[in-house]
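Following: one structure in structure tokens, then a few remarks.
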Amino acid sequence: MAAAGRRGEQPLILTQTGTKWKLTQVKTKGTLYGVALSGKGDGLAVGDTGTGPLVVRLSGNRWKQVSVPAVPGGYLRDVYYDSPKRALAVGGVYLRSGGVAPLILSWNGKRWSRVTAPGDDVRLYGVTGDRKGRFWISGVDMERPGEAFLLSYDGRRVKAVRGADGAAPRTIRLQSVTYLTATGTVWTVGHVVDASGRYTDVVERFGAAGRAIEP
């Protein structure tokens, strides 16, 4: 078990072994938002330095910052650890226009590389996978906010999957996401904001075989 965040201006990671917690402060400026462990002493934590994305890796019982592509204004919010040779981290890039471009980084066991993602103003929040190289990413497309929005990635390309648009103005933000092996479905949770600014919790289900998102 692990938790990530910040202490002062430095990234902070808490890792549990048995009944004890170990505190690690990474020697750089920044904040960590997402963390994932493999169960075999490997793990990844992601965030940002304030100017670009930040990734820290657990190897040999030590957390160390690793190199990532230079993405000015970039940040990472979540990471899914599929295997020592495959992981996916998601977040965004702040634009001068005020929008946020999607940011997806892929790990092949040796280096991180940027994955091309669709959308000009897309906020990505969570990522999950099936341990077989397929990933699903939750978020919101601000150009089409009334539709439930999910990205799927098979290791080659990213596809957008959308739900039906509502009759009334609304914004659907899907945040946490998980894949259920037993049913082969992807479940996401988040909220809907109506035209009056009222929030309503929402749960969406996506068939991993390519079926549309369902409420």
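Lettering and numbering for the structure tokens are positional, with chains as A, B, ... in the shown order, residues counted from 1 in each chain, and ligands counted from 1 in the shown order.
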
Which residues, written as a list in words, have at least one atom at most 6 Å from Gln16 (chain A), with only C-alpha atoms counted and residues fewer than 2 positions away on the same chain left out?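 In the requested format, the answer is Met1, Lys20 and Trp21 of chain A.
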
For the selection you just gave me, I'd like the residues written to a file as a PDB file, in the first residue's frame, keeping N, CA, C and O atoms.
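Output (part-v8.pdb):
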ATOM      1  N   MET A   1       0.844  -1.187   0.000  1.00  0.00           N
ATOM      2  CA  MET A   1       0.000   0.000   0.000  1.00  0.00           C
ATOM      3  C   MET A   1       0.883   1.242   0.000  1.00  0.00           C
ATOM      4  O   MET A   1       1.934   1.257   0.627  1.00  0.00           O
ATOM      5  N   LYS A  20       4.062  -1.101   9.436  1.00  0.00           N
ATOM      6  CA  LYS A  20       4.893   0.098   9.457  1.00  0.00           C
ATOM      7  C   LYS A  20       4.792   0.874   8.143  1.00  0.00           C
ATOM      8  O   LYS A  20       4.644   0.302   7.072  1.00  0.00           O
ATOM      9  N   TRP A  21       4.888   2.190   8.269  1.00  0.00           N
ATOM     10  CA  TRP A  21       4.901   3.077   7.113  1.00  0.00           C
ATOM     11  C   TRP A  21       6.292   3.694   6.960  1.00  0.00           C
ATOM     12  O   TRP A  21       6.880   4.124   7.945  1.00  0.00           O
TER      13      TRP A  21
END

Leaving out region 82-96 of chain A and any residue of its chain fewer than 4 positions from it, which residues lie within 6 Å of it when counting only C-alpha atoms, given as a ChimeraX atom specification? /A:73-78,100-109,124,131

Just N, CA and C atoms for this one: save the residues we selected as a PDB file, in the first residue's frame.
ATOM      1  N   GLY A  73       4.527  22.958 -18.978  1.00  0.00           N
ATOM      2  CA  GLY A  73       3.133  23.130 -18.583  1.00  0.00           C
ATOM      3  C   GLY A  73       2.398  21.824 -18.358  1.00  0.00           C
ATOM      4  N   GLY A  74       3.109  20.700 -18.455  1.00  0.00           N
ATOM      5  CA  GLY A  74       2.466  19.402 -18.319  1.00  0.00           C
ATOM      6  C   GLY A  74       2.364  18.928 -16.874  1.00  0.00           C
ATOM      7  N   TYR A  75       1.404  18.079 -16.627  1.00  0.00           N
ATOM      8  CA  TYR A  75       1.223  17.472 -15.304  1.00  0.00           C
ATOM      9  C   TYR A  75       0.622  16.082 -15.477  1.00  0.00           C
ATOM     10  N   LEU A  76       0.765  15.231 -14.478  1.00  0.00           N
ATOM     11  CA  LEU A  76       0.202  13.882 -14.483  1.00  0.00           C
ATOM     12  C   LEU A  76      -0.658  13.698 -13.243  1.00  0.00           C
ATOM     13  N   ARG A  77      -1.833  13.047 -13.419  1.00  0.00           N
ATOM     14  CA  ARG A  77      -2.762  12.879 -12.306  1.00  0.00           C
ATOM     15  C   ARG A  77      -2.935  11.429 -11.869  1.00  0.00           C
ATOM     16  N   ASP A  78      -2.664  10.467 -12.743  1.00  0.00           N
ATOM     17  CA  ASP A  78      -2.857   9.074 -12.361  1.00  0.00           C
ATOM     18  C   ASP A  78      -1.947   8.186 -13.189  1.00  0.00           C
ATOM     19  N   VAL A 100      -6.852  22.945 -21.693  1.00  0.00           N
ATOM     20  CA  VAL A 100      -5.930  21.901 -21.255  1.00  0.00           C
ATOM     21  C   VAL A 100      -5.890  20.808 -22.317  1.00  0.00           C
ATOM     22  N   ALA A 101      -4.718  20.565 -22.875  1.00  0.00           N
ATOM     23  CA  ALA A 101      -4.555  19.486 -23.848  1.00  0.00           C
ATOM     24  C   ALA A 101      -4.287  18.181 -23.100  1.00  0.00           C
ATOM     25  N   PRO A 102      -4.775  17.052 -23.602  1.00  0.00           N
ATOM     26  CA  PRO A 102      -4.538  15.784 -22.914  1.00  0.00           C
ATOM     27  C   PRO A 102      -3.081  15.361 -22.999  1.00  0.00           C
ATOM     28  N   LEU A 103      -2.593  14.736 -21.930  1.00  0.00           N
ATOM     29  CA  LEU A 103      -1.225  14.229 -21.895  1.00  0.00           C
ATOM     30  C   LEU A 103      -1.251  12.768 -21.469  1.00  0.00           C
ATOM     31  N   ILE A 104      -0.682  11.899 -22.314  1.00  0.00           N
ATOM     32  CA  ILE A 104      -0.573  10.471 -22.016  1.00  0.00           C
ATOM     33  C   ILE A 104       0.876  10.066 -22.221  1.00  0.00           C
ATOM     34  N   LEU A 105       1.478   9.443 -21.212  1.00  0.00           N
ATOM     35  CA  LEU A 105       2.839   8.946 -21.308  1.00  0.00           C
ATOM     36  C   LEU A 105       2.832   7.426 -21.126  1.00  0.00           C
ATOM     37  N   SER A 106       3.580   6.732 -21.982  1.00  0.00           N
ATOM     38  CA  SER A 106       3.636   5.274 -21.964  1.00  0.00           C
ATOM     39  C   SER A 106       5.028   4.799 -21.555  1.00  0.00           C
ATOM     40  N   TRP A 107       5.083   3.774 -20.687  1.00  0.00           N
ATOM     41  CA  TRP A 107       6.335   3.206 -20.190  1.00  0.00           C
ATOM     42  C   TRP A 107       6.543   1.826 -20.808  1.00  0.00           C
ATOM     43  N   ASN A 108       7.740   1.577 -21.366  1.00  0.00           N
ATOM     44  CA  ASN A 108       8.035   0.274 -21.982  1.00  0.00           C
ATOM     45  C   ASN A 108       9.075  -0.531 -21.189  1.00  0.00           C
ATOM     46  N   GLY A 109       9.328  -0.112 -19.968  1.00  0.00           N
ATOM     47  CA  GLY A 109      10.313  -0.791 -19.140  1.00  0.00           C
ATOM     48  C   GLY A 109      11.671  -0.122 -19.149  1.00  0.00           C
ATOM     49  N   LEU A 124      -7.991  14.833 -18.356  1.00  0.00           N
ATOM     50  CA  LEU A 124      -7.905  13.415 -18.032  1.00  0.00           C
ATOM     51  C   LEU A 124      -7.648  13.255 -16.533  1.00  0.00           C
ATOM     52  N   ARG A 131      -4.351  -5.654 -17.537  1.00  0.00           N
ATOM     53  CA  ARG A 131      -3.126  -6.439 -17.357  1.00  0.00           C
ATOM     54  C   ARG A 131      -2.721  -7.191 -18.618  1.00  0.00           C
TER      55      ARG A 131
END

Between A:Arg62, A:Ala36, A:Arg157, A:Phe149, which is the closest to Val115 (chain A) once you count only C-alpha atoms?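 Nearest to Val115 (chain A): A:Arg157.
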
Between CA of Lys22 (chain A) and CA of Lys110 (chain A), distance in Å (one decimal):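 For CA of Lys22 (chain A) relative to CA of Lys110 (chain A), the distance reads 26.4 Å.
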
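Nearest-residue note for Ile137 (chain A): choosing from A:Thr24, A:Tyr179, A:Thr51, A:Pro169, the minimum distance belongs to A:Tyr179, counting only C-alpha atoms.
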
Would you mind writing down, as number ranges by chain, each residue of region 13-100 of chain A that DSSP on the backbone assigns to strand (DSSP E or B)? A: 13-17, 20-25, 31-37, 43-48, 53-59, 62-66, 74-83, 86-94, 100

Please, could you write that set of residues out with C-alpha atoms as a tab-separated table (two decimals), in the first residue's frame?
chain	number	residue	atom	x	y	z
A	13	ILE	CA	5.53	9.03	-0.67
A	14	LEU	CA	4.31	6.81	2.17
A	15	THR	CA	4.79	3.07	1.67
A	16	GLN	CA	3.37	0.43	4.02
A	17	THR	CA	5.20	-2.79	4.88
A	20	LYS	CA	4.89	0.10	9.46
A	21	TRP	CA	4.90	3.08	7.11
A	22	LYS	CA	8.05	4.34	5.43
A	23	LEU	CA	8.24	8.02	4.48
A	24	THR	CA	10.25	9.08	1.44
A	25	GLN	CA	10.76	12.66	0.26
A	31	THR	CA	3.70	17.29	-5.96
A	32	LEU	CA	2.63	13.68	-6.51
A	33	TYR	CA	-1.03	12.86	-7.19
A	34	GLY	CA	-1.16	9.20	-8.26
A	35	VAL	CA	0.71	6.05	-7.24
A	36	ALA	CA	0.57	2.39	-8.30
A	37	LEU	CA	2.44	-0.68	-7.02
A	43	GLY	CA	5.96	0.94	-8.36
A	44	LEU	CA	5.37	4.33	-9.97
A	45	ALA	CA	4.18	7.68	-8.67
A	46	VAL	CA	3.25	10.65	-10.86
A	47	GLY	CA	2.63	14.37	-10.52
A	48	ASP	CA	4.33	17.57	-11.61
A	53	PRO	CA	5.40	16.25	-15.53
A	54	LEU	CA	7.07	14.25	-12.75
A	55	VAL	CA	7.50	10.46	-12.48
A	56	VAL	CA	9.13	8.64	-9.58
A	57	ARG	CA	9.89	4.91	-9.69
A	58	LEU	CA	10.26	2.36	-6.90
A	59	SER	CA	13.08	-0.07	-7.62
A	62	ARG	CA	14.13	3.04	-3.23
A	63	TRP	CA	12.09	5.76	-4.91
A	64	LYS	CA	13.97	7.71	-7.58
A	65	GLN	CA	12.95	10.36	-10.08
A	66	VAL	CA	13.11	9.13	-13.68
A	74	GLY	CA	2.47	19.40	-18.32
A	75	TYR	CA	1.22	17.47	-15.30
A	76	LEU	CA	0.20	13.88	-14.48
A	77	ARG	CA	-2.76	12.88	-12.31
A	78	ASP	CA	-2.86	9.07	-12.36
A	79	VAL	CA	-0.83	6.02	-13.37
A	80	TYR	CA	-1.63	2.35	-14.05
A	81	TYR	CA	1.16	-0.19	-13.55
A	82	ASP	CA	0.42	-3.04	-15.94
A	83	SER	CA	3.80	-4.81	-15.64
A	86	ARG	CA	4.23	-1.59	-19.42
A	87	ALA	CA	2.53	1.33	-17.67
A	88	LEU	CA	0.46	4.36	-18.59
A	89	ALA	CA	0.31	7.79	-16.94
A	90	VAL	CA	-2.30	10.45	-17.74
A	91	GLY	CA	-2.76	14.16	-17.14
A	92	GLY	CA	-2.72	17.32	-19.20
A	93	VAL	CA	-0.87	20.35	-20.51
A	94	TYR	CA	-1.94	23.86	-19.55
A	100	VAL	CA	-5.93	21.90	-21.26
